[in-house]
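Next comes entry_38.cif, a file with mmCIF, C-alpha atoms.
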data_data
#
loop_
_atom_site.group_PDB
_atom_site.id
_atom_site.type_symbol
_atom_site.label_atom_id
_atom_site.label_comp_id
_atom_site.auth_asym_id
_atom_site.auth_seq_id
_atom_site.Cartn_x
_atom_site.Cartn_y
_atom_site.Cartn_z
ATOM 1 C CA MET A 15 0.000 0.000 0.000
ATOM 2 C CA LYS A 16 1.404 3.409 -1.014
ATOM 3 C CA ASP A 17 2.404 5.942 1.609
ATOM 4 C CA VAL A 18 -0.036 8.845 2.093
ATOM 5 C CA LEU A 19 1.534 12.328 2.232
ATOM 6 C CA SER A 20 0.681 14.558 5.150
ATOM 7 C CA GLN A 21 -0.521 18.120 4.654
ATOM 8 C CA ASN A 22 2.892 19.525 5.658
ATOM 9 C CA GLU A 23 4.638 17.316 3.065
ATOM 10 C CA ILE A 24 2.230 18.472 0.381
ATOM 11 C CA ASP A 25 2.847 22.132 1.275
ATOM 12 C CA SER A 26 6.612 21.563 1.150
ATOM 13 C CA LEU A 27 6.392 20.045 -2.335
ATOM 14 C CA ILE A 28 4.283 22.925 -3.640
ATOM 15 C CA HIS A 29 6.769 25.437 -2.182
ATOM 16 C CA ALA A 30 9.733 23.593 -3.741
ATOM 17 C CA LEU A 31 8.051 23.620 -7.168
ATOM 18 C CA SER A 32 7.262 27.328 -6.941
ATOM 19 C CA THR A 33 10.837 28.241 -5.967
ATOM 20 C CA GLY A 34 12.364 26.012 -8.684
ATOM 21 C CA GLU A 35 14.038 23.592 -6.335
ATOM 22 C CA ILE A 36 12.187 20.738 -8.133
ATOM 23 C CA ALA A 37 11.750 20.867 -11.921
ATOM 24 C CA GLU A 38 8.425 19.951 -13.437
ATOM 25 C CA GLU A 39 8.460 16.777 -15.564
ATOM 26 C CA GLU A 40 7.736 17.406 -19.220
ATOM 27 C CA PRO A 41 5.054 15.221 -20.787
ATOM 28 C CA GLN A 42 6.489 12.297 -22.726
ATOM 29 C CA THR A 43 5.993 12.443 -26.480
ATOM 30 C CA SER A 44 6.075 9.511 -28.881
ATOM 31 C CA ASP A 45 8.505 9.508 -31.812
ATOM 32 C CA THR A 46 5.925 7.660 -33.948
ATOM 33 C CA PRO A 47 4.014 10.144 -36.137
ATOM 34 C CA VAL A 48 0.256 10.058 -35.886
ATOM 35 C CA LYS A 49 -1.462 9.035 -39.109
ATOM 36 C CA VAL A 50 -4.913 10.242 -40.004
ATOM 37 C CA TYR A 51 -7.289 7.377 -40.856
ATOM 38 C CA ASP A 52 -10.662 7.958 -42.468
ATOM 39 C CA PHE A 53 -13.008 5.111 -41.607
ATOM 40 C CA ARG A 54 -15.285 6.162 -44.467
ATOM 41 C CA ARG A 55 -12.427 5.450 -46.909
ATOM 42 C CA PRO A 56 -10.565 2.425 -45.546
ATOM 43 C CA ASN A 57 -7.238 1.600 -47.190
ATOM 44 C CA LYS A 58 -7.754 -2.067 -47.981
ATOM 45 C CA PHE A 59 -4.710 -2.460 -50.256
ATOM 46 C CA SER A 60 -1.253 -2.548 -48.680
ATOM 47 C CA LYS A 61 1.722 -0.632 -50.087
ATOM 48 C CA ASP A 62 3.245 -3.867 -51.373
ATOM 49 C CA GLN A 63 0.028 -4.780 -53.185
ATOM 50 C CA MET A 64 -0.236 -1.327 -54.773
ATOM 51 C CA ARG A 65 3.428 -1.503 -55.796
ATOM 52 C CA THR A 66 2.826 -4.883 -57.464
ATOM 53 C CA LEU A 67 -0.181 -3.477 -59.321
ATOM 54 C CA GLN A 68 2.040 -0.634 -60.484
ATOM 55 C CA ILE A 69 4.696 -3.034 -61.842
ATOM 56 C CA VAL A 70 2.089 -5.177 -63.623
ATOM 57 C CA HIS A 71 0.406 -2.230 -65.296
ATOM 58 C CA GLU A 72 3.675 -0.576 -66.291
ATOM 59 C CA ASN A 73 4.234 -3.751 -68.319
ATOM 60 C CA PHE A 74 0.652 -3.521 -69.561
ATOM 61 C CA ALA A 75 1.295 0.028 -70.777
ATOM 62 C CA ARG A 76 4.339 -1.128 -72.771
ATOM 63 C CA ILE A 77 2.470 -4.096 -74.239
ATOM 64 C CA LEU A 78 -0.516 -1.941 -75.183
ATOM 65 C CA SER A 79 1.702 0.744 -76.709
ATOM 66 C CA ASN A 80 3.379 -1.772 -79.022
ATOM 67 C CA PHE A 81 0.095 -3.440 -79.931
ATOM 68 C CA LEU A 82 -1.746 -0.199 -80.794
ATOM 69 C CA THR A 83 1.227 1.058 -82.806
ATOM 70 C CA ALA A 84 1.181 -2.104 -84.949
ATOM 71 C CA TYR A 85 -2.631 -2.302 -85.134
ATOM 72 C CA LEU A 86 -3.259 1.343 -86.044
ATOM 73 C CA ARG A 87 -0.030 1.700 -88.061
ATOM 74 C CA THR A 88 0.754 4.984 -86.340
ATOM 75 C CA PRO A 89 2.921 5.821 -83.304
ATOM 76 C CA VAL A 90 0.990 5.361 -80.049
ATOM 77 C CA GLN A 91 2.441 6.147 -76.617
ATOM 78 C CA VAL A 92 0.919 4.599 -73.484
ATOM 79 C CA THR A 93 2.383 5.208 -70.024
ATOM 80 C CA LEU A 94 1.168 4.500 -66.508
ATOM 81 C CA ALA A 95 0.251 7.874 -64.993
ATOM 82 C CA SER A 96 -0.933 6.983 -61.471
ATOM 83 C CA VAL A 97 -1.895 4.141 -59.123
ATOM 84 C CA SER A 98 -4.299 4.863 -56.278
ATOM 85 C CA GLN A 99 -7.080 3.438 -54.155
ATOM 86 C CA VAL A 100 -10.291 5.431 -53.985
ATOM 87 C CA THR A 101 -13.972 4.798 -53.464
ATOM 88 C CA PHE A 102 -16.030 3.774 -56.465
ATOM 89 C CA GLU A 103 -18.100 6.935 -56.066
ATOM 90 C CA GLU A 104 -15.033 9.161 -56.348
ATOM 91 C CA PHE A 105 -13.917 7.306 -59.459
ATOM 92 C CA ILE A 106 -17.319 7.644 -61.153
ATOM 93 C CA PHE A 107 -17.587 11.374 -60.349
ATOM 94 C CA SER A 108 -14.150 11.972 -61.912
ATOM 95 C CA LEU A 109 -15.207 10.603 -65.313
ATOM 96 C CA PRO A 110 -16.334 12.849 -68.186
ATOM 97 C CA THR A 111 -19.736 12.511 -69.830
ATOM 98 C CA PRO A 112 -19.954 10.876 -72.284
ATOM 99 C CA THR A 113 -17.201 8.294 -71.984
ATOM 100 C CA LEU A 114 -16.909 4.615 -72.873
ATOM 101 C CA MET A 115 -17.070 2.252 -69.888
ATOM 102 C CA SER A 116 -16.584 -1.463 -70.498
ATOM 103 C CA ILE A 117 -17.479 -3.752 -67.607
ATOM 104 C CA PHE A 118 -15.815 -7.131 -67.938
ATOM 105 C CA LYS A 119 -15.615 -10.378 -66.036
ATOM 106 C CA ALA A 120 -11.946 -10.677 -65.073
ATOM 107 C CA ALA A 121 -11.694 -14.443 -64.479
ATOM 108 C CA ASP A 122 -13.626 -17.434 -63.228
ATOM 109 C CA ASN A 123 -12.236 -16.976 -59.707
ATOM 110 C CA MET A 124 -12.608 -13.189 -59.753
ATOM 111 C CA GLY A 125 -15.448 -10.693 -60.086
ATOM 112 C CA SER A 126 -16.085 -7.827 -62.471
ATOM 113 C CA ALA A 127 -13.842 -4.872 -63.260
ATOM 114 C CA MET A 128 -14.057 -1.815 -65.499
ATOM 115 C CA LEU A 129 -12.021 -0.444 -68.377
ATOM 116 C CA GLU A 130 -12.813 3.221 -69.073
ATOM 117 C CA THR A 131 -11.577 4.837 -72.287
ATOM 118 C CA ASN A 132 -12.268 8.546 -72.588
ATOM 119 C CA PRO A 133 -13.260 10.342 -75.829
ATOM 120 C CA GLN A 134 -9.725 11.733 -76.417
ATOM 121 C CA PHE A 135 -8.582 8.111 -76.770
ATOM 122 C CA VAL A 136 -11.642 6.645 -78.514
ATOM 123 C CA PHE A 137 -12.291 9.153 -81.298
ATOM 124 C CA PRO A 138 -8.719 9.237 -82.731
ATOM 125 C CA ILE A 139 -8.816 5.429 -83.013
ATOM 126 C CA ILE A 140 -12.194 5.503 -84.752
ATOM 127 C CA ASP A 141 -10.973 8.243 -87.088
ATOM 128 C CA LEU A 142 -7.865 6.224 -88.005
ATOM 129 C CA LEU A 143 -9.794 2.996 -88.594
ATOM 130 C CA PHE A 144 -12.250 4.840 -90.846
ATOM 131 C CA GLY A 145 -9.444 6.305 -92.965
ATOM 132 C CA GLY A 146 -8.965 9.645 -91.207
ATOM 133 C CA GLU A 147 -5.919 11.339 -89.710
ATOM 134 C CA GLY A 148 -6.624 10.362 -86.090
ATOM 135 C CA LYS A 149 -8.157 13.616 -84.877
ATOM 136 C CA THR A 150 -10.606 14.290 -82.043
ATOM 137 C CA PRO A 151 -13.789 16.184 -83.014
ATOM 138 C CA LYS A 152 -14.153 19.704 -81.631
ATOM 139 C CA GLN A 153 -17.431 18.778 -79.963
ATOM 140 C CA ILE A 154 -17.605 15.478 -78.092
ATOM 141 C CA ARG A 155 -20.717 13.472 -78.922
ATOM 142 C CA GLU A 156 -22.233 10.077 -78.179
ATOM 143 C CA LEU A 157 -20.899 7.108 -80.109
ATOM 144 C CA THR A 158 -23.009 5.660 -82.891
ATOM 145 C CA GLU A 159 -23.943 1.972 -82.993
ATOM 146 C CA ILE A 160 -21.315 1.323 -85.671
ATOM 147 C CA GLU A 161 -18.647 3.097 -83.619
ATOM 148 C CA LEU A 162 -19.641 1.110 -80.506
ATOM 149 C CA THR A 163 -19.279 -2.120 -82.491
ATOM 150 C CA VAL A 164 -15.805 -1.077 -83.658
ATOM 151 C CA MET A 165 -14.761 -0.078 -80.121
ATOM 152 C CA ARG A 166 -16.018 -3.362 -78.692
ATOM 153 C CA ARG A 167 -13.500 -5.101 -80.972
ATOM 154 C CA ILE A 168 -10.731 -2.725 -79.837
ATOM 155 C CA VAL A 169 -11.620 -3.154 -76.147
ATOM 156 C CA ASN A 170 -11.500 -6.936 -76.557
ATOM 157 C CA LYS A 171 -7.968 -6.635 -77.932
ATOM 158 C CA ILE A 172 -6.972 -4.286 -75.073
ATOM 159 C CA LEU A 173 -8.286 -6.805 -72.547
ATOM 160 C CA GLU A 174 -6.359 -9.556 -74.317
ATOM 161 C CA ASN A 175 -3.175 -7.552 -73.771
ATOM 162 C CA LEU A 176 -4.202 -7.036 -70.139
ATOM 163 C CA ARG A 177 -4.346 -10.824 -69.837
ATOM 164 C CA TYR A 178 -0.721 -11.042 -70.995
ATOM 165 C CA ALA A 179 0.372 -8.526 -68.331
ATOM 166 C CA TRP A 180 -1.450 -10.445 -65.561
ATOM 167 C CA GLU A 181 -0.145 -13.913 -66.424
ATOM 168 C CA ASP A 182 2.451 -13.833 -63.618
ATOM 169 C CA ILE A 183 -0.215 -12.896 -61.034
ATOM 170 C CA ASN A 184 -3.337 -14.782 -62.068
ATOM 171 C CA GLU A 185 -4.676 -16.214 -65.309
ATOM 172 C CA LEU A 186 -7.322 -13.803 -66.572
ATOM 173 C CA SER A 187 -10.057 -14.631 -69.074
ATOM 174 C CA PRO A 188 -11.675 -11.211 -69.561
ATOM 175 C CA GLN A 189 -15.119 -11.150 -71.167
ATOM 176 C CA ILE A 190 -17.107 -7.964 -71.779
ATOM 177 C CA GLU A 191 -20.398 -7.978 -69.890
ATOM 178 C CA ASN A 192 -21.680 -4.498 -70.653
ATOM 179 C CA MET A 193 -20.686 -1.246 -72.352
ATOM 180 C CA ASP A 194 -22.118 2.132 -71.337
ATOM 181 C CA THR A 195 -21.398 5.803 -72.006
ATOM 182 C CA ASN A 196 -22.996 7.535 -68.989
ATOM 183 C CA PRO A 197 -21.026 7.182 -65.724
ATOM 184 C CA GLN A 198 -23.916 8.414 -63.562
ATOM 185 C CA PHE A 199 -26.038 5.375 -64.412
ATOM 186 C CA ASN A 200 -23.327 2.841 -63.649
ATOM 187 C CA GLN A 201 -24.018 0.694 -60.591
ATOM 188 C CA MET A 202 -21.344 -1.988 -60.888
ATOM 189 C CA ILE A 203 -20.677 -2.014 -57.129
ATOM 190 C CA ALA A 204 -21.689 0.002 -54.060
ATOM 191 C CA SER A 205 -20.516 3.617 -54.144
ATOM 192 C CA ASN A 206 -18.489 3.312 -50.920
ATOM 193 C CA GLU A 207 -16.524 0.235 -52.027
ATOM 194 C CA THR A 208 -12.751 0.607 -52.290
ATOM 195 C CA VAL A 209 -11.238 0.186 -55.764
ATOM 196 C CA ALA A 210 -7.696 0.078 -57.134
ATOM 197 C CA LEU A 211 -7.509 2.677 -59.885
ATOM 198 C CA LEU A 212 -4.801 2.425 -62.569
ATOM 199 C CA THR A 213 -4.689 5.472 -64.853
ATOM 200 C CA LEU A 214 -2.790 5.303 -68.145
ATOM 201 C CA SER A 215 -2.066 8.334 -70.299
ATOM 202 C CA THR A 216 -2.188 7.890 -74.074
ATOM 203 C CA LYS A 217 -0.955 9.901 -77.026
ATOM 204 C CA ILE A 218 -2.122 9.146 -80.557
ATOM 205 C CA ARG A 219 -0.476 11.657 -82.859
ATOM 206 C CA ASP A 220 -1.617 15.031 -81.421
ATOM 207 C CA SER A 221 -4.440 13.664 -79.232
ATOM 208 C CA GLU A 222 -3.773 12.956 -75.554
ATOM 209 C CA GLY A 223 -6.238 10.803 -73.677
ATOM 210 C CA LEU A 224 -6.665 8.513 -70.673
ATOM 211 C CA ILE A 225 -7.451 4.885 -69.962
ATOM 212 C CA ASN A 226 -8.659 3.905 -66.482
ATOM 213 C CA VAL A 227 -8.577 0.332 -65.229
ATOM 214 C CA CYS A 228 -10.737 -0.061 -62.107
ATOM 215 C CA PHE A 229 -10.411 -3.193 -59.955
ATOM 216 C CA PRO A 230 -12.796 -3.349 -56.956
ATOM 217 C CA PHE A 231 -11.324 -4.869 -53.817
ATOM 218 C CA ILE A 232 -13.951 -7.623 -53.851
ATOM 219 C CA THR A 233 -12.760 -8.556 -57.357
ATOM 220 C CA LEU A 234 -9.096 -8.830 -56.356
ATOM 221 C CA GLU A 235 -9.755 -10.367 -52.930
ATOM 222 C CA PRO A 236 -9.574 -14.005 -54.171
ATOM 223 C CA VAL A 237 -6.058 -13.388 -55.573
ATOM 224 C CA ILE A 238 -4.890 -10.756 -53.083
ATOM 225 C CA ALA A 239 -2.220 -13.127 -51.764
ATOM 226 C CA ASN A 240 -0.573 -13.115 -55.220
ATOM 227 C CA LEU A 241 -0.234 -9.328 -55.280
ATOM 228 C CA THR A 242 3.269 -9.282 -53.858
ATOM 229 C CA ALA A 243 6.493 -8.317 -55.571
ATOM 230 C CA GLN A 244 8.084 -11.597 -54.485
ATOM 231 C CA HIS A 245 5.307 -13.653 -56.118
ATOM 232 C CA TRP A 246 5.431 -11.572 -59.305
ATOM 233 C CA PHE A 247 9.221 -11.783 -59.698
ATOM 234 C CA SER A 248 9.234 -15.507 -58.904
ATOM 235 C CA ASN A 249 6.622 -16.306 -61.550
ATOM 236 C CA SER A 250 8.125 -13.964 -64.139
ATOM 237 C CA GLN A 251 11.526 -15.653 -63.815
ATOM 238 C CA ASN A 252 10.011 -19.131 -64.064
ATOM 239 C CA SER A 253 7.869 -18.305 -67.094
ATOM 240 C CA GLY A 254 10.293 -15.991 -68.851
ATOM 241 C CA GLY A 255 8.174 -12.900 -68.172
ATOM 242 C CA VAL A 256 5.934 -11.104 -70.600
ATOM 243 C CA HIS A 257 8.716 -9.835 -72.868
ATOM 244 C CA SER A 258 8.835 -12.904 -75.090
ATOM 245 C CA ARG A 259 5.041 -12.951 -75.327
ATOM 246 C CA LEU A 260 5.090 -9.247 -76.131
ATOM 247 C CA LEU A 261 7.506 -9.904 -78.995
ATOM 248 C CA GLU A 262 5.396 -12.786 -80.295
ATOM 249 C CA THR A 263 2.221 -10.694 -80.131
ATOM 250 C CA GLY A 264 3.852 -7.848 -82.016
ATOM 251 C CA LEU A 265 5.169 -10.152 -84.737
ATOM 252 C CA GLU A 266 1.770 -11.776 -85.248
ATOM 253 C CA ASP A 267 0.337 -8.493 -86.548
ATOM 254 C CA VAL A 268 3.217 -7.618 -88.901
ATOM 255 C CA ASP A 269 2.672 -8.154 -92.633
ATOM 256 C CA VAL A 270 5.668 -9.493 -94.540
ATOM 257 C CA GLU A 271 6.132 -9.888 -98.292
ATOM 258 C CA LEU A 272 7.047 -13.366 -99.540
ATOM 259 C CA THR A 273 8.508 -13.799 -103.024
ATOM 260 C CA ALA A 274 9.187 -17.176 -104.665
ATOM 261 C CA VAL A 275 12.052 -16.984 -107.171
ATOM 262 C CA LEU A 276 11.164 -19.264 -110.066
ATOM 263 C CA GLY A 277 14.539 -18.798 -111.713
ATOM 264 C CA SER A 278 16.689 -16.309 -113.586
ATOM 265 C CA SER A 279 17.965 -15.725 -117.064
ATOM 266 C CA THR A 280 20.253 -13.332 -118.923
ATOM 267 C CA VAL A 281 19.078 -11.729 -122.162
ATOM 268 C CA GLN A 282 20.489 -9.099 -124.462
ATOM 269 C CA MET A 283 18.794 -5.704 -124.572
ATOM 270 C CA GLU A 284 18.219 -6.186 -128.301
ATOM 271 C CA ASP A 285 16.330 -9.434 -127.612
ATOM 272 C CA PHE A 286 14.422 -7.849 -124.707
ATOM 273 C CA LEU A 287 13.090 -5.061 -126.939
ATOM 274 C CA GLN A 288 11.781 -7.629 -129.422
ATOM 275 C CA PHE A 289 9.797 -9.714 -126.914
ATOM 276 C CA GLU A 290 6.254 -10.506 -128.053
ATOM 277 C CA GLU A 291 3.291 -12.304 -126.555
ATOM 278 C CA GLY A 292 3.870 -16.041 -126.647
ATOM 279 C CA ASP A 293 7.674 -15.888 -126.502
ATOM 280 C CA VAL A 294 9.336 -18.311 -124.071
ATOM 281 C CA ILE A 295 12.246 -17.398 -121.782
ATOM 282 C CA LEU A 296 14.509 -20.276 -120.745
ATOM 283 C CA LEU A 297 15.315 -20.069 -116.996
ATOM 284 C CA ASP A 298 18.332 -21.586 -115.274
ATOM 285 C CA GLN A 299 16.117 -23.308 -112.657
ATOM 286 C CA ARG A 300 15.889 -27.117 -112.866
ATOM 287 C CA VAL A 301 12.544 -28.745 -112.064
ATOM 288 C CA ASP A 302 14.081 -31.201 -109.590
ATOM 289 C CA CYS A 303 16.045 -28.504 -107.689
ATOM 290 C CA PRO A 304 14.632 -26.415 -104.807
ATOM 291 C CA MET A 305 13.870 -22.762 -105.352
ATOM 292 C CA THR A 306 14.517 -19.818 -103.056
ATOM 293 C CA LEU A 307 11.865 -17.948 -101.055
ATOM 294 C CA LEU A 308 12.590 -14.289 -100.308
ATOM 295 C CA VAL A 309 11.224 -12.665 -97.140
ATOM 296 C CA GLU A 310 11.215 -8.897 -97.540
ATOM 297 C CA GLU A 311 13.647 -9.321 -100.492
ATOM 298 C CA LYS A 312 16.075 -11.421 -98.449
ATOM 299 C CA PRO A 313 16.633 -15.153 -99.183
ATOM 300 C CA MET A 314 15.373 -17.168 -96.203
ATOM 301 C CA PHE A 315 14.037 -20.622 -97.214
ATOM 302 C CA LYS A 316 14.407 -23.351 -99.785
ATOM 303 C CA ILE A 317 11.047 -24.307 -101.330
ATOM 304 C CA GLN A 318 9.498 -26.628 -103.910
ATOM 305 C CA ALA A 319 6.730 -25.362 -106.216
ATOM 306 C CA GLY A 320 3.476 -27.275 -106.508
ATOM 307 C CA VAL A 321 -0.330 -27.132 -106.335
ATOM 308 C CA SER A 322 -2.544 -27.339 -103.228
ATOM 309 C CA LYS A 323 -6.359 -27.488 -103.443
ATOM 310 C CA GLY A 324 -6.258 -26.225 -106.995
ATOM 311 C CA ARG A 325 -4.095 -23.224 -106.179
ATOM 312 C CA ARG A 326 -0.419 -22.592 -106.804
ATOM 313 C CA ALA A 327 1.612 -23.193 -103.661
ATOM 314 C CA VAL A 328 5.107 -23.849 -102.351
ATOM 315 C CA GLN A 329 6.389 -26.404 -99.855
ATOM 316 C CA PHE A 330 9.046 -25.372 -97.365
ATOM 317 C CA LEU A 331 12.209 -27.477 -97.373
ATOM 318 C CA ASN A 332 15.179 -27.567 -95.059
ATOM 319 C CA ALA A 333 18.735 -26.670 -96.026
ATOM 320 C CA GLU A 334 19.504 -30.232 -97.221
ATOM 321 C CA GLY A 335 16.476 -30.300 -99.505
ATOM 322 C CA GLY A 336 14.337 -32.621 -97.360
ATOM 323 C CA GLU A 337 10.868 -31.761 -96.091
ATOM 324 C CA ALA A 338 10.791 -29.370 -93.182
ATOM 325 C CA GLU A 339 9.083 -30.501 -90.021
#
Mind turning this structure into structure tokens?
Amino acid sequence: MKDVLSQNEIDSLIHALSTGEIAEEEPQTSDTPVKVYDFRRPNKFSKDQMRTLQIVHENFARILSNFLTAYLRTPVQVTLASVSQVTFEEFIFSLPTPTLMSIFKAADNMGSAMLETNPQFVFPIIDLLFGGEGKTPKQIRELTEIELTVMRRIVNKILENLRYAWEDINELSPQIENMDTNPQFNQMIASNETVALLTLSTKIRDSEGLINVCFPFITLEPVIANLTAQHWFSNSQNSGGVHSRLLETGLEDVDVELTAVLGSSTVQMEDFLQFEEGDVILLDQRVDCPMTLLVEEKPMFKIQAGVSKGRRAVQFLNAEGGEAE
């Protein structure tokens, strides 16, 4: 039991404090800074998870930039502008009207997400595909049914590239569920739900636009354990990363010119000027010898001429003249 001070002892202590014989103790302060936390906007994603989302979508921006450049045959720049977590209501209120919102099912083990492409990105693409110079109209308008059909095809290709970027996190199988142009009527999830918002800036010739990828927390929750830098780097090293797939995807959309060399011959200019219809030129190519196939005017393969399904065709051979596997 603690000792109880008498009145005289209390008076002596008060006198000593007033004369400075005993210094007052300063209140102890903590070195840990106080962080403000808003319970109306809970931060459900950790810093590591947001950092992993940033790495994944930086790769997505590079993949998409290369794809759109090859698909539209014009330089397209796509960069990741910001990564944040906000409420769905804040995201919707930040969108222009009209804009193109594509709600898609991310995967069988995940929920729905949204890909928003604003008019400064949509209209230059439509203009290019319809033979224009890739300009944005002075007055933004609603998309026509034909333009919506064209953009659905483009959005499907964008989501396919998103699948490539996510392969080291989770296998996506994105499928468009709905497309809308008015953000105020969108009720994908509750307005107070937390979402991860990935904003990409785009530049198509002189037009600068934005692409927003919105992942609700409830959509990413089944794979939230995979959203770590360690998991991403481990899978990317085991699978070779997305760079080889990016190269393959880019090459698939490149047109190349193939030329089969039937043979060659040397003629005098005097004979050349006297050529008439029905004349025959003797080539130095033997029937039983392989010919050369040029790829973009460079010799690449040995081939044998023939017919397939009633059409002229060539069969690829290996360097020794046997059939290629």
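With distances restricted to only C-alpha atoms, A:Glu222 is the closest residue to Gln134 in chain A from A:Glu222, A:Asp182, A:Asp122, A:Glu159.
With all atoms listed in the file as the basis for measurement, A:Tyr178 is the residue among A:Phe105, A:Phe144, A:Tyr178, A:Phe199 that approaches Ala75 in chain A most closely.
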So which residues touch Ile238 in chain A within 12 Å, counting all atoms listed in the file, skipping near sequence neighbours fewer than 5 positions away, as a CSV table (one decimal) with C-alpha atoms, in the coordinates of the input?
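Output (out20.csv):
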chain,number,residue,atom,x,y,z
A,58,LYS,CA,-7.8,-2.1,-48.0
A,59,PHE,CA,-4.7,-2.5,-50.3
A,60,SER,CA,-1.3,-2.5,-48.7
A,62,ASP,CA,3.2,-3.9,-51.4
A,63,GLN,CA,0.0,-4.8,-53.2
A,64,MET,CA,-0.2,-1.3,-54.8
A,66,THR,CA,2.8,-4.9,-57.5
A,67,LEU,CA,-0.2,-3.5,-59.3
A,123,ASN,CA,-12.2,-17.0,-59.7
A,124,MET,CA,-12.6,-13.2,-59.8
A,183,ILE,CA,-0.2,-12.9,-61.0
A,184,ASN,CA,-3.3,-14.8,-62.1
A,210,ALA,CA,-7.7,0.1,-57.1
A,229,PHE,CA,-10.4,-3.2,-60.0
A,230,PRO,CA,-12.8,-3.3,-57.0
A,231,PHE,CA,-11.3,-4.9,-53.8
A,232,ILE,CA,-14.0,-7.6,-53.9
A,233,THR,CA,-12.8,-8.6,-57.4
A,243,ALA,CA,6.5,-8.3,-55.6
A,245,HIS,CA,5.3,-13.7,-56.1
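From CA of Ser116 in chain A back to CA of Met128 in chain A, the distance works out to 5.6 Å.
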Please provide as a PyMOL selection string all residues within 9 Å of Ser98 in chain A, with the sequence filter that same-chain residues fewer than 2 positions apart are discarded (counting all atoms listed in the file).
chain A and resi 64+96+100+209-213
Quick one: apply the PyMOL selection byres ((chain A and resi 163-170) around 10) to the file and drop the selected residues here as a ChimeraX atom specification.
/A:82,85,114-116,118,129-131,136-137,139-140,143-144,157-162,171-176,188-190,192-193
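Counting all atoms listed in the file and comparing A:Asp298, A:Thr101, A:Leu276, A:Gln282, the residue that lies closest to Gln318 in chain A is A:Leu276.
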Hey, what comes out of the PyMOL selection byres ((chain A and resi 79) around 12) on this file? Could you write it as an MDAnalysis selection string?
chainID A and resid 71:78 80:94 172 175:176 214:218 260 263:264
From the structure just shown, export range 130-143 of chain A with C-alpha atoms as a PDB file, in the first residue's frame.
ATOM      1  CA  GLU A 130     -12.813   3.221 -69.073  1.00  0.00           C
ATOM      2  CA  THR A 131     -11.577   4.837 -72.287  1.00  0.00           C
ATOM      3  CA  ASN A 132     -12.268   8.546 -72.588  1.00  0.00           C
ATOM      4  CA  PRO A 133     -13.260  10.342 -75.829  1.00  0.00           C
ATOM      5  CA  GLN A 134      -9.725  11.733 -76.417  1.00  0.00           C
ATOM      6  CA  PHE A 135      -8.582   8.111 -76.770  1.00  0.00           C
ATOM      7  CA  VAL A 136     -11.642   6.645 -78.514  1.00  0.00           C
ATOM      8  CA  PHE A 137     -12.291   9.153 -81.298  1.00  0.00           C
ATOM      9  CA  PRO A 138      -8.719   9.237 -82.731  1.00  0.00           C
ATOM     10  CA  ILE A 139      -8.816   5.429 -83.013  1.00  0.00           C
ATOM     11  CA  ILE A 140     -12.194   5.503 -84.752  1.00  0.00           C
ATOM     12  CA  ASP A 141     -10.973   8.243 -87.088  1.00  0.00           C
ATOM     13  CA  LEU A 142      -7.865   6.224 -88.005  1.00  0.00           C
ATOM     14  CA  LEU A 143      -9.794   2.996 -88.594  1.00  0.00           C
TER      15      LEU A 143
END
